[in-house]
Amino acid sequence: MRLRPFELIEPESLTEAVDALGRADGEARLVAGGTALVPMLRMGLLRPERVIALHRIAELGRVAVSGDGLHVGAMVTMAAIGRSPEIARGWPLLAAAAGRVASPAIRSSATLGGNLGYAEPASDPAPALLCLEAEVDVAGPAGTRSLPLSQFFAGFYETALAPGEILTAVRVPAPPPGARSGYIKFCPRSAEDKPLVGVAALLVMDAGAGRCLEARIGLGAVAPLAIRARRAEAILRGATVDAATIQGAADAAVEETDPLSDLMGSADYRRQMVRVWVRRLLSSLAGC
């Protein structure tokens with residue numbers, strides 16, 4: 001299908017991009033990797049007058065590690081995140097989740113900022129970043145601001161971005177010392193598909209006592225937005241971790257979900273898979 005004509009703008013600075021997005025002459029859309037936007041343009045679901053490409057803004061493509069943690073620019077691709085030695089060493093949960101996004105071809109184009117800005121409920125990186133308590137940086141007509149990723153997702157394909165704002169970076173603090181983490185996705189059709197259920201978890205264990213000192217669980221594809229399973233976390237935190245405790249946490253995680261039914265599976269099937277995959281991941285991380 002042929003694309004409807006639009007004006008393509010390629011700013012070389014963030015200021016230029018914000019100005020172009022804020023123009024009053026018709027609808028504008030940002031494009032990063034294009035893996036979500038381009039198909040919608042081709043199908044005629046979106047008909048913007050302007051498309052603003054962010055690939056020339058150098059600061060959006062930077063990855064930096066400092067005493068404050070990890071800084072990932074919005075235009076950094078999933079492939080770059082997945083193969084970064086620094087991210088693999090310090091933030092293996094993020095590297096694992098980025099490495100599970102779709103196919104190698106998609107990962108080479110898809111960007112972290114585009115993924116989060118699209119607010120796909122079945123995002124792979126989102127549950128991992130929620131477990132890592134990431135924050136996002138935003139720039140717009142009123143200046144810059146930061147907010148926790150947990151407040152950035154506002155609903156089904158909705159974010160807290162105000163009109164004219166652009167997600168510029170994701171900042172991830174260092175995980176707690178001794179943290180064990182992992183990400184698993186269940187795809188009933190293809191390993192390259194969106195997850196029917198995505199589960200990220202981070203545990204800090206007192207190895208001698210078998211007690212959980214910290215627990216974080218992120219879930220994708222089982223609610224209108226990626227979520228933290230906080231009631232399940234509370235069951236684990238401070239408890240001696242055994243099969244019964246893990247089962248209780250998995251059951252609690254199910255109660256925190258609000259899944260939809262679609263072609264991949266019914267809402268009830270998704271709930272059952274949450275119970276299965278939360279239990280399996282926690283058991284693996286806790287060694288029981």
# chains A, B, ... in the order shown; residues from 1 in each chain; ligands from 1
$ residues_around --residues "region 35-38 of chain A" --least-positions-apart "4" --cutoff "9 Å" --atoms "only C-alpha atoms" --output "ChimeraX atom specification"
/A:3,29-31,42-43,46,106,109-111,114-115,118
$ residues_around --residues "Pro127 (chain A)" --least-positions-apart "6" --cutoff "7 Å" --atoms "only C-alpha atoms" --output "ChimeraX atom specification"
/A:199-200,218-220,226-227
$ write_last_selection --atoms "N, CA and C atoms" --output "tab-separated table (two decimals), in the first residue's frame"
chain	number	residue	atom	x	y	z
A	199	VAL	N	7.32	-11.92	31.86
A	199	VAL	CA	7.58	-11.81	33.30
A	199	VAL	C	9.05	-11.45	33.52
A	200	ALA	N	9.27	-10.37	34.24
A	200	ALA	CA	10.60	-10.00	34.70
A	200	ALA	C	10.61	-10.06	36.22
A	218	GLY	N	7.82	-7.66	37.40
A	218	GLY	CA	7.17	-6.88	36.35
A	218	GLY	C	6.44	-7.81	35.39
A	219	LEU	N	5.26	-7.38	34.96
A	219	LEU	CA	4.43	-8.21	34.08
A	219	LEU	C	4.06	-7.42	32.83
A	220	GLY	N	4.13	-8.09	31.68
A	220	GLY	CA	3.71	-7.49	30.42
A	220	GLY	C	2.66	-8.35	29.75
A	226	ALA	N	2.06	-2.29	31.11
A	226	ALA	CA	3.01	-3.09	31.89
A	226	ALA	C	2.92	-2.67	33.35
A	227	ILE	N	2.99	-3.66	34.26
A	227	ILE	CA	2.73	-3.39	35.67
A	227	ILE	C	3.77	-4.06	36.57
$ select_by_dssp --residues "region 16-173 of chain A" --states "strand (DSSP E)" --output "VMD selection string"
chain A and resid 28 to 31 50 to 53 63 to 66 69 to 73 135 to 140 143 to 148 153 to 155 158 to 159 166 to 172
$ atom_distance --atom1 "CA of Val172 (chain A)" --atom2 "CA of Glu133 (chain A)"
6.8 Å
$ closest_residue --among "A:Glu86, A:Leu54, A:Ala74, A:Glu192" --to "Arg107 (chain A)" --atoms "only C-alpha atoms"
A:Glu192
$ residues_around --residues "Gly69 (chain A)" --least-positions-apart "2" --cutoff "9 Å" --atoms "only C-alpha atoms" --output "PDB file with N, CA and C atoms, in the first residue's frame"
ATOM      1  N   ALA A  64      25.574   5.779  28.368  1.00  0.00           N
ATOM      2  CA  ALA A  64      26.610   6.194  29.304  1.00  0.00           C
ATOM      3  C   ALA A  64      26.380   5.521  30.646  1.00  0.00           C
ATOM      4  N   VAL A  65      27.486   5.121  31.279  1.00  0.00           N
ATOM      5  CA  VAL A  65      27.452   4.542  32.614  1.00  0.00           C
ATOM      6  C   VAL A  65      28.221   5.463  33.538  1.00  0.00           C
ATOM      7  N   SER A  66      27.604   5.816  34.667  1.00  0.00           N
ATOM      8  CA  SER A  66      28.240   6.699  35.631  1.00  0.00           C
ATOM      9  C   SER A  66      27.901   6.225  37.033  1.00  0.00           C
ATOM     10  N   GLY A  67      28.330   7.010  38.031  1.00  0.00           N
ATOM     11  CA  GLY A  67      28.016   6.667  39.410  1.00  0.00           C
ATOM     12  C   GLY A  67      26.536   6.663  39.695  1.00  0.00           C
ATOM     13  N   HIS A  71      22.517   5.467  31.591  1.00  0.00           N
ATOM     14  CA  HIS A  71      21.750   6.425  30.781  1.00  0.00           C
ATOM     15  C   HIS A  71      21.676   5.862  29.364  1.00  0.00           C
ATOM     16  N   GLY A  90      26.281  -4.811  34.126  1.00  0.00           N
ATOM     17  CA  GLY A  90      25.636  -4.071  35.208  1.00  0.00           C
ATOM     18  C   GLY A  90      24.128  -4.193  35.262  1.00  0.00           C
ATOM     19  N   ARG A 171      16.822   6.405  32.299  1.00  0.00           N
ATOM     20  CA  ARG A 171      17.880   6.328  33.309  1.00  0.00           C
ATOM     21  C   ARG A 171      17.567   5.186  34.260  1.00  0.00           C
ATOM     22  N   VAL A 172      18.564   4.321  34.457  1.00  0.00           N
ATOM     23  CA  VAL A 172      18.365   3.095  35.234  1.00  0.00           C
ATOM     24  C   VAL A 172      19.386   3.060  36.363  1.00  0.00           C
ATOM     25  N   PRO A 173      18.923   3.093  37.611  1.00  0.00           N
ATOM     26  CA  PRO A 173      19.887   2.988  38.721  1.00  0.00           C
ATOM     27  C   PRO A 173      20.526   1.617  38.766  1.00  0.00           C
ATOM     28  N   ALA A 174      21.662   1.535  39.464  1.00  0.00           N
ATOM     29  CA  ALA A 174      22.319   0.239  39.615  1.00  0.00           C
ATOM     30  C   ALA A 174      21.425  -0.698  40.408  1.00  0.00           C
ATOM     31  N   PRO A 175      21.336  -1.961  40.008  1.00  0.00           N
ATOM     32  CA  PRO A 175      20.546  -2.928  40.785  1.00  0.00           C
ATOM     33  C   PRO A 175      21.123  -3.086  42.191  1.00  0.00           C
TER      34      PRO A 175
END
$ residues_around --residues "Gly140 (chain A)" --least-positions-apart "3" --cutoff "9 Å" --atoms "only C-alpha atoms" --output "list in words"
Thr15, Val18, Asp19, Gly22, Gly143, Thr144, Arg145, Ala162, Pro163, Gly164, Glu165, Ile166 and Leu167 of chain A
$ write_last_selection --atoms "N, CA and C atoms" --output "PDB file, in the first residue's frame"
ATOM      1  N   THR A  15      16.055  20.751  20.323  1.00  0.00           N
ATOM      2  CA  THR A  15      15.269  21.986  20.252  1.00  0.00           C
ATOM      3  C   THR A  15      14.503  22.068  18.939  1.00  0.00           C
ATOM      4  N   VAL A  18      11.538  19.589  19.065  1.00  0.00           N
ATOM      5  CA  VAL A  18      10.423  20.079  19.879  1.00  0.00           C
ATOM      6  C   VAL A  18       9.667  21.176  19.137  1.00  0.00           C
ATOM      7  N   ASP A  19      10.400  22.070  18.476  1.00  0.00           N
ATOM      8  CA  ASP A  19       9.744  23.141  17.719  1.00  0.00           C
ATOM      9  C   ASP A  19       8.902  22.579  16.576  1.00  0.00           C
ATOM     10  N   GLY A  22       5.736  21.002  17.829  1.00  0.00           N
ATOM     11  CA  GLY A  22       4.781  21.945  18.379  1.00  0.00           C
ATOM     12  C   GLY A  22       4.124  22.862  17.369  1.00  0.00           C
ATOM     13  N   GLY A 143      10.151  22.828  28.739  1.00  0.00           N
ATOM     14  CA  GLY A 143      11.457  22.448  29.269  1.00  0.00           C
ATOM     15  C   GLY A 143      11.578  20.953  29.449  1.00  0.00           C
ATOM     16  N   THR A 144      12.429  20.529  30.362  1.00  0.00           N
ATOM     17  CA  THR A 144      12.688  19.113  30.584  1.00  0.00           C
ATOM     18  C   THR A 144      12.146  18.679  31.941  1.00  0.00           C
ATOM     19  N   ARG A 145      11.853  17.402  32.033  1.00  0.00           N
ATOM     20  CA  ARG A 145      11.410  16.821  33.303  1.00  0.00           C
ATOM     21  C   ARG A 145      11.716  15.335  33.302  1.00  0.00           C
ATOM     22  N   ALA A 162       2.930  15.019  27.667  1.00  0.00           N
ATOM     23  CA  ALA A 162       2.049  16.138  27.352  1.00  0.00           C
ATOM     24  C   ALA A 162       2.209  16.491  25.873  1.00  0.00           C
ATOM     25  N   PRO A 163       1.259  17.240  25.297  1.00  0.00           N
ATOM     26  CA  PRO A 163       1.388  17.634  23.885  1.00  0.00           C
ATOM     27  C   PRO A 163       2.725  18.325  23.629  1.00  0.00           C
ATOM     28  N   GLY A 164       3.397  17.886  22.583  1.00  0.00           N
ATOM     29  CA  GLY A 164       4.669  18.497  22.206  1.00  0.00           C
ATOM     30  C   GLY A 164       5.875  17.931  22.911  1.00  0.00           C
ATOM     31  N   GLU A 165       5.706  16.949  23.797  1.00  0.00           N
ATOM     32  CA  GLU A 165       6.843  16.388  24.528  1.00  0.00           C
ATOM     33  C   GLU A 165       7.427  15.178  23.804  1.00  0.00           C
ATOM     34  N   ILE A 166       8.730  14.979  24.032  1.00  0.00           N
ATOM     35  CA  ILE A 166       9.480  13.883  23.432  1.00  0.00           C
ATOM     36  C   ILE A 166      10.221  13.136  24.535  1.00  0.00           C
ATOM     37  N   LEU A 167      10.115  11.820  24.544  1.00  0.00           N
ATOM     38  CA  LEU A 167      10.925  11.010  25.443  1.00  0.00           C
ATOM     39  C   LEU A 167      12.357  11.026  24.926  1.00  0.00           C
TER      40      LEU A 167
END
$ atom_distance --atom1 "CA of Val274 (chain A)" --atom2 "CA of Pro176 (chain A)"
25.2 Å
$ decode --residues "region 78-123 of chain A" --atoms "N, CA and C atoms" --output "mmCIF file, in the first residue's frame"
data_model
loop_
_atom_site.group_PDB
_atom_site.id
_atom_site.type_symbol
_atom_site.label_atom_id
_atom_site.label_comp_id
_atom_site.auth_asym_id
_atom_site.auth_seq_id
_atom_site.Cartn_x
_atom_site.Cartn_y
_atom_site.Cartn_z
ATOM 1 N N MET A 78 17.422 -1.831 20.271
ATOM 2 C CA MET A 78 17.385 -3.035 21.091
ATOM 3 C C MET A 78 18.626 -3.889 20.851
ATOM 4 N N ALA A 79 19.084 -3.939 19.613
ATOM 5 C CA ALA A 79 20.278 -4.722 19.298
ATOM 6 C C ALA A 79 21.490 -4.168 20.030
ATOM 7 N N ALA A 80 21.630 -2.845 20.062
ATOM 8 C CA ALA A 80 22.763 -2.230 20.744
ATOM 9 C C ALA A 80 22.709 -2.494 22.242
ATOM 10 N N ILE A 81 21.514 -2.446 22.815
ATOM 11 C CA ILE A 81 21.370 -2.740 24.239
ATOM 12 C C ILE A 81 21.719 -4.195 24.520
ATOM 13 N N GLY A 82 21.202 -5.088 23.694
ATOM 14 C CA GLY A 82 21.420 -6.507 23.918
ATOM 15 C C GLY A 82 22.866 -6.943 23.790
ATOM 16 N N ARG A 83 23.650 -6.235 22.980
ATOM 17 C CA ARG A 83 25.043 -6.650 22.786
ATOM 18 C C ARG A 83 26.045 -5.777 23.544
ATOM 19 N N SER A 84 25.595 -4.824 24.337
ATOM 20 C CA SER A 84 26.497 -3.958 25.082
ATOM 21 C C SER A 84 27.125 -4.698 26.256
ATOM 22 N N PRO A 85 28.448 -4.803 26.306
ATOM 23 C CA PRO A 85 29.087 -5.479 27.452
ATOM 24 C C PRO A 85 28.805 -4.757 28.766
ATOM 25 N N GLU A 86 28.767 -3.432 28.748
ATOM 26 C CA GLU A 86 28.515 -2.675 29.980
ATOM 27 C C GLU A 86 27.120 -2.948 30.523
ATOM 28 N N ILE A 87 26.140 -2.970 29.626
ATOM 29 C CA ILE A 87 24.773 -3.245 30.077
ATOM 30 C C ILE A 87 24.646 -4.694 30.540
ATOM 31 N N ALA A 88 25.267 -5.607 29.838
ATOM 32 C CA ALA A 88 25.211 -7.022 30.231
ATOM 33 C C ALA A 88 25.817 -7.239 31.608
ATOM 34 N N ARG A 89 26.893 -6.509 31.924
ATOM 35 C CA ARG A 89 27.540 -6.673 33.235
ATOM 36 C C ARG A 89 26.717 -6.025 34.351
ATOM 37 N N GLY A 90 26.281 -4.811 34.126
ATOM 38 C CA GLY A 90 25.636 -4.071 35.208
ATOM 39 C C GLY A 90 24.128 -4.193 35.262
ATOM 40 N N TRP A 91 23.498 -4.415 34.100
ATOM 41 C CA TRP A 91 22.042 -4.468 34.021
ATOM 42 C C TRP A 91 21.616 -5.651 33.144
ATOM 43 N N PRO A 92 21.962 -6.864 33.574
ATOM 44 C CA PRO A 92 21.677 -8.034 32.728
ATOM 45 C C PRO A 92 20.190 -8.225 32.460
ATOM 46 N N LEU A 93 19.333 -7.768 33.359
ATOM 47 C CA LEU A 93 17.896 -7.916 33.135
ATOM 48 C C LEU A 93 17.456 -7.115 31.919
ATOM 49 N N LEU A 94 17.949 -5.894 31.774
ATOM 50 C CA LEU A 94 17.606 -5.085 30.608
ATOM 51 C C LEU A 94 18.174 -5.708 29.336
ATOM 52 N N ALA A 95 19.411 -6.179 29.392
ATOM 53 C CA ALA A 95 20.009 -6.810 28.213
ATOM 54 C C ALA A 95 19.217 -8.041 27.785
ATOM 55 N N ALA A 96 18.771 -8.833 28.760
ATOM 56 C CA ALA A 96 18.009 -10.043 28.437
ATOM 57 C C ALA A 96 16.677 -9.702 27.784
ATOM 58 N N ALA A 97 15.977 -8.689 28.324
ATOM 59 C CA ALA A 97 14.678 -8.321 27.770
ATOM 60 C C ALA A 97 14.819 -7.719 26.373
ATOM 61 N N ALA A 98 15.811 -6.864 26.179
ATOM 62 C CA ALA A 98 16.022 -6.269 24.854
ATOM 63 C C ALA A 98 16.372 -7.343 23.833
ATOM 64 N N GLY A 99 17.099 -8.366 24.260
ATOM 65 C CA GLY A 99 17.478 -9.445 23.354
ATOM 66 C C GLY A 99 16.346 -10.370 22.971
ATOM 67 N N ARG A 100 15.188 -10.229 23.620
ATOM 68 C CA ARG A 100 14.042 -11.068 23.293
ATOM 69 C C ARG A 100 13.020 -10.333 22.420
ATOM 70 N N VAL A 101 13.266 -9.089 22.073
ATOM 71 C CA VAL A 101 12.315 -8.333 21.257
ATOM 72 C C VAL A 101 12.298 -8.888 19.835
ATOM 73 N N ALA A 102 11.184 -9.386 19.400
ATOM 74 C CA ALA A 102 10.925 -9.759 18.006
ATOM 75 C C ALA A 102 12.095 -10.534 17.400
ATOM 76 N N SER A 103 12.535 -10.090 16.223
ATOM 77 C CA SER A 103 13.578 -10.778 15.459
ATOM 78 C C SER A 103 14.846 -9.937 15.412
ATOM 79 N N PRO A 104 15.994 -10.530 15.004
ATOM 80 C CA PRO A 104 17.215 -9.725 14.870
ATOM 81 C C PRO A 104 17.037 -8.517 13.959
ATOM 82 N N ALA A 105 16.294 -8.661 12.882
ATOM 83 C CA ALA A 105 16.085 -7.532 11.968
ATOM 84 C C ALA A 105 15.310 -6.407 12.653
ATOM 85 N N ILE A 106 14.276 -6.764 13.414
ATOM 86 C CA ILE A 106 13.509 -5.750 14.127
ATOM 87 C C ILE A 106 14.359 -5.106 15.211
ATOM 88 N N ARG A 107 15.126 -5.907 15.948
ATOM 89 C CA ARG A 107 15.954 -5.356 17.029
ATOM 90 C C ARG A 107 16.994 -4.370 16.518
ATOM 91 N N SER A 108 17.425 -4.538 15.285
ATOM 92 C CA SER A 108 18.419 -3.613 14.732
ATOM 93 C C SER A 108 17.822 -2.253 14.402
ATOM 94 N N SER A 109 16.492 -2.167 14.316
ATOM 95 C CA SER A 109 15.823 -0.897 14.020
ATOM 96 C C SER A 109 15.061 -0.343 15.217
ATOM 97 N N ALA A 110 14.409 -1.218 15.953
ATOM 98 C CA ALA A 110 13.548 -0.774 17.058
ATOM 99 C C ALA A 110 14.371 -0.091 18.140
ATOM 100 N N THR A 111 13.873 1.028 18.650
ATOM 101 C CA THR A 111 14.583 1.806 19.659
ATOM 102 C C THR A 111 13.896 1.685 21.010
ATOM 103 N N LEU A 112 14.661 1.933 22.063
ATOM 104 C CA LEU A 112 14.089 1.863 23.401
ATOM 105 C C LEU A 112 13.050 2.958 23.608
ATOM 106 N N GLY A 113 13.352 4.171 23.159
ATOM 107 C CA GLY A 113 12.397 5.254 23.308
ATOM 108 C C GLY A 113 11.123 5.021 22.525
ATOM 109 N N GLY A 114 11.260 4.493 21.316
ATOM 110 C CA GLY A 114 10.080 4.201 20.520
ATOM 111 C C GLY A 114 9.221 3.132 21.155
ATOM 112 N N ASN A 115 9.866 2.105 21.706
ATOM 113 C CA ASN A 115 9.128 1.021 22.350
ATOM 114 C C ASN A 115 8.327 1.540 23.539
ATOM 115 N N LEU A 116 8.957 2.327 24.393
ATOM 116 C CA LEU A 116 8.269 2.828 25.578
ATOM 117 C C LEU A 116 7.242 3.892 25.213
ATOM 118 N N GLY A 117 7.575 4.742 24.249
ATOM 119 C CA GLY A 117 6.644 5.788 23.847
ATOM 120 C C GLY A 117 5.391 5.256 23.185
ATOM 121 N N TYR A 118 5.498 4.100 22.549
ATOM 122 C CA TYR A 118 4.337 3.457 21.935
ATOM 123 C C TYR A 118 3.417 2.862 22.995
ATOM 124 N N ALA A 119 3.977 2.591 24.175
ATOM 125 C CA ALA A 119 3.215 2.062 25.320
ATOM 126 C C ALA A 119 2.511 0.748 24.986
ATOM 127 N N GLU A 120 3.201 -0.101 24.265
ATOM 128 C CA GLU A 120 2.687 -1.429 23.948
ATOM 129 C C GLU A 120 2.548 -2.239 25.241
ATOM 130 N N PRO A 121 1.351 -2.728 25.581
ATOM 131 C CA PRO A 121 1.209 -3.512 26.811
ATOM 132 C C PRO A 121 2.060 -4.775 26.829
ATOM 133 N N ALA A 122 2.360 -5.319 25.643
ATOM 134 C CA ALA A 122 3.161 -6.535 25.542
ATOM 135 C C ALA A 122 4.629 -6.233 25.278
ATOM 136 N N SER A 123 5.096 -5.074 25.688
ATOM 137 C CA SER A 123 6.504 -4.720 25.545
ATOM 138 C C SER A 123 7.383 -5.698 26.314
#
